[in-house]
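Worksheet: the structure to be examined is printed underneath.
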Amino acid sequence: MRLTILGGGGFRVPLVYGALLGDHADGRVSHVTLYDADPARLTAVSRVLADQAAAAAAADAAAARRAEAGTGAGPAPRPAPAVATTTDLDEALRGADFVFSAIRVGGLDGRAADERIALAEGVLGQETVGAGGVAYGLRTVPVAREIARAVARLAPDAWVINFTNPAGLVTEAMAEVLGDRVIGICDSPVGLGRRVARALGARPQDAWIDYVGLNHLGWLRGLRIDGRDELPRLLADAAALRSFEEGRLFGADWLRSLGAIPNEYLHYYYFNRDAVRAYQAAEQTRGAFLRDQQRGFYAEAGRDALPPGAALAAWDRTRAEREATYMAENREAAGAGARDGGDPASGSGSGSGGYEEVALALMRAIARDERTTLVLNVRNRSTLSVLDAEAVIEVPCLVDANGAHPVAVDPLPLHAVGLVTAVKAVERAVLAATAGGSRAEAVKAFALHPLVDSVGVARRLLDAYADAHPGLGHLR
């Protein structure tokens, strides 16, 4: 099976490759093609992947020696997926069975500018939420549509797994071309579900998660174990609520008022003034921090004559720092303390890992008809009556060889209806603005967002973003 990764020079690509190295079943991914516009980034990341493959081969050899010294030879180790790199999109797509999209239009310089411009107007500039999310969507959606058309032309039977942010909006844009053959993924719901299950003393694999909303705008409304909803028990237990990240971030009283556990990104909505103040007081924005940090990683991993294992070691160090500082301003504003520990790759702790496991489970379910249930970004159909059939939502889905099928869910409470429909209206304005080059629709996208409090602010934001990003200059 052949996998193409768009944004193949991205920092989190080794997480995906690490998950592939752990898959030894028949029908697994045998070839990975990394596509990126930046050859230097491709070189650095491919070196990390080579180090990962070497470490996995050494571990397999050691296990084989132990087995031979004990009860006989164990199973033969499987070769690591072959890795190829290219800066040619058409070459990357030809022959692909799955296409994993994780691009960043404008790079981290663009993200840092998005954050800075918004904060100068006193509003949030996070890359998927508020003004920053709108700006990121305006420059990403046209590229996502181009990619979707290329996939339809060159790999019409491929399935696209989208992790490009804003994930729900980008998935909906690509679905205009690819229909149900594009599926959006996110690590937030699976990490939340696992943390809640563990707070209840349950194994995550034994729990059914009732989760519904849009990407980065959803609520865990129930967690069933043996058919019984255990969420009320959690909400009644103050100590248990303090034991996991979202409990500390939102506070027990607010969670009890909602009767649900919000996705951590809802902290930007429920505690907006606190978050904006914390971001304005920070030495640098999250995007600027990641830009500077990753420059160091790519410079180190791209050096000539790098010794074996050095690229992977540099990546591991950078990743640990990245995860420890995730949403630090929100946690500081809430007095929530340090980021949860645990195994990031399993989603048990900080969980910036986890999306790669969702991607692997999704590919397995489709390619091998290994039926499973995953929280995914898919077209609504008739799942939520407040949205139309084409709207992409984030809900539990049954996945099989025919794709992802959203399960029936209870209606949203009114407070959630307000946020979901308002943000979906923003997404639709972004889609309209990028399809027709309409300044009016772009202003509407900013002005309608719940976290932008003035049409005047919306107009100034658009002008400032158009100045900062050449691709938006036609919207001035």
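Letters A, B, ... go to the chains of the structure tokens in the order shown; residues in each chain start at 1; ligands are counted from 1 in the same order.
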
Legend entry - Contact residues around Ser382 (chain A) with only C-alpha atoms at 9 Å, ignoring same-chain residues under 6 positions, as a count of residues only: 3

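Backbone DSSP of region 159-190 of chain A yields strand (DSSP E or B) at Trp159, Val160, Ile161, Asn162, Val182, Ile183 and Gly184 of chain A.
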
Write out the residues from the selection above, keeping C-alpha atoms, as a tab-separated table (two decimals), in the first residue's frame.
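Done, and the output landed in result36.tsv:
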```
chain	number	residue	atom	x	y	z
A	159	TRP	CA	-8.55	8.33	-0.01
A	160	VAL	CA	-7.46	11.69	1.38
A	161	ILE	CA	-6.89	12.02	5.12
A	162	ASN	CA	-6.81	15.70	6.00
A	182	VAL	CA	-11.74	13.04	1.98
A	183	ILE	CA	-11.93	12.55	5.75
A	184	GLY	CA	-10.61	14.97	8.34
```

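A straight line drawn from CA of Ser454 (chain A) to CA of His415 (chain A) is 21.5 Å long.
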
Please tabulate, as JSON lines, the residues of region 110-196 of chain A that come within 12 Å of region 434-449 of chain A, each with its closest pair of atoms and the distance in Å to one decimal, counting only C-alpha atoms and ordering rows by chain, then residue number upward.
```
{"residue": "A:Ala118", "atom": "CA", "partner": "A:Phe446", "partner_atom": "CA", "distance": 10.8}
{"residue": "A:Val123", "atom": "CA", "partner": "A:His449", "partner_atom": "CA", "distance": 10.8}
{"residue": "A:Leu124", "atom": "CA", "partner": "A:His449", "partner_atom": "CA", "distance": 10.8}
{"residue": "A:Gly125", "atom": "CA", "partner": "A:Phe446", "partner_atom": "CA", "distance": 11.4}
{"residue": "A:Thr128", "atom": "CA", "partner": "A:His449", "partner_atom": "CA", "distance": 11.9}
{"residue": "A:Val129", "atom": "CA", "partner": "A:His449", "partner_atom": "CA", "distance": 9.1}
{"residue": "A:Gly130", "atom": "CA", "partner": "A:His449", "partner_atom": "CA", "distance": 6.5}
{"residue": "A:Ala131", "atom": "CA", "partner": "A:Phe446", "partner_atom": "CA", "distance": 6.2}
{"residue": "A:Gly132", "atom": "CA", "partner": "A:Phe446", "partner_atom": "CA", "distance": 9.4}
{"residue": "A:Gly133", "atom": "CA", "partner": "A:Phe446", "partner_atom": "CA", "distance": 9.4}
{"residue": "A:Val134", "atom": "CA", "partner": "A:Phe446", "partner_atom": "CA", "distance": 6.5}
{"residue": "A:Ala135", "atom": "CA", "partner": "A:Phe446", "partner_atom": "CA", "distance": 8.4}
{"residue": "A:Tyr136", "atom": "CA", "partner": "A:Phe446", "partner_atom": "CA", "distance": 11.6}
{"residue": "A:Gly137", "atom": "CA", "partner": "A:Thr434", "partner_atom": "CA", "distance": 8.9}
{"residue": "A:Leu138", "atom": "CA", "partner": "A:Thr434", "partner_atom": "CA", "distance": 6.3}
{"residue": "A:Arg139", "atom": "CA", "partner": "A:Thr434", "partner_atom": "CA", "distance": 8.1}
{"residue": "A:Thr140", "atom": "CA", "partner": "A:Thr434", "partner_atom": "CA", "distance": 9.2}
{"residue": "A:Val141", "atom": "CA", "partner": "A:Thr434", "partner_atom": "CA", "distance": 6.9}
{"residue": "A:Pro142", "atom": "CA", "partner": "A:Thr434", "partner_atom": "CA", "distance": 6.3}
{"residue": "A:Val143", "atom": "CA", "partner": "A:Thr434", "partner_atom": "CA", "distance": 10.0}
{"residue": "A:Ala144", "atom": "CA", "partner": "A:Thr434", "partner_atom": "CA", "distance": 10.9}
{"residue": "A:Arg145", "atom": "CA", "partner": "A:Ala435", "partner_atom": "CA", "distance": 9.5}
{"residue": "A:Glu146", "atom": "CA", "partner": "A:Ala435", "partner_atom": "CA", "distance": 11.6}
{"residue": "A:Leu169", "atom": "CA", "partner": "A:Thr434", "partner_atom": "CA", "distance": 11.9}
{"residue": "A:Val170", "atom": "CA", "partner": "A:Thr434", "partner_atom": "CA", "distance": 11.7}
{"residue": "A:Ala173", "atom": "CA", "partner": "A:Ala435", "partner_atom": "CA", "distance": 9.8}
{"residue": "A:Glu176", "atom": "CA", "partner": "A:Ala435", "partner_atom": "CA", "distance": 11.3}
```

Which residues of region 244-330 of chain A come within 10 Å of region 26-50 of chain A, and what is each one's closest atom pair and distance in Å (one decimal), counting only C-alpha atoms, sorted by chain and residue number, as a Markdown table?
```
| residue | atom | partner | partner_atom | distance |
| --- | --- | --- | --- | --- |
| A:Arg295 | CA | A:Arg41 | CA | 10.0 |
| A:Phe297 | CA | A:Ala44 | CA | 8.5 |
| A:Tyr298 | CA | A:Ala44 | CA | 6.0 |
| A:Ala299 | CA | A:Ala44 | CA | 8.2 |
| A:Glu300 | CA | A:Ala44 | CA | 8.3 |
| A:Ala301 | CA | A:Ala44 | CA | 5.0 |
| A:Gly302 | CA | A:Ala44 | CA | 4.8 |
| A:Arg303 | CA | A:Ala44 | CA | 8.4 |
| A:Leu306 | CA | A:Arg47 | CA | 9.0 |
| A:Pro308 | CA | A:Ala50 | CA | 8.9 |
| A:Gly309 | CA | A:Val48 | CA | 7.8 |
| A:Ala310 | CA | A:Val48 | CA | 8.2 |
| A:Ala311 | CA | A:Val48 | CA | 5.0 |
| A:Leu312 | CA | A:Val48 | CA | 4.7 |
| A:Ala313 | CA | A:Val48 | CA | 8.4 |
| A:Ala314 | CA | A:Val48 | CA | 8.7 |
| A:Trp315 | CA | A:Val48 | CA | 7.2 |
| A:Asp316 | CA | A:Val48 | CA | 9.6 |
```

Legend entry - Separation of CA of Arg65 (chain A) from CA of Pro79 (chain A), in Å and rounded to one decimal: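 Separating CA of Arg65 (chain A) from CA of Pro79 (chain A) is a distance of 17.0 Å.
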
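Restricting the calculation to only C-alpha atoms, the smallest distance between Leu231 (chain A) and any of A:Arg256, A:Gly110, A:Gly168, A:His216 is found for A:Arg256.
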
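Of note, CA of Thr86 (chain A) and CA of Ala113 (chain A) are spaced 28.4 Å apart.
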
Legend entry - Within 12 Å of Ile393 (chain A) using only C-alpha atoms, minus same-chain residues under 2 positions, as number ranges by chain: A: 167-172, 183-186, 211-218, 375-391, 395-397, 405-407, 409, 420-421, 423-424, 427
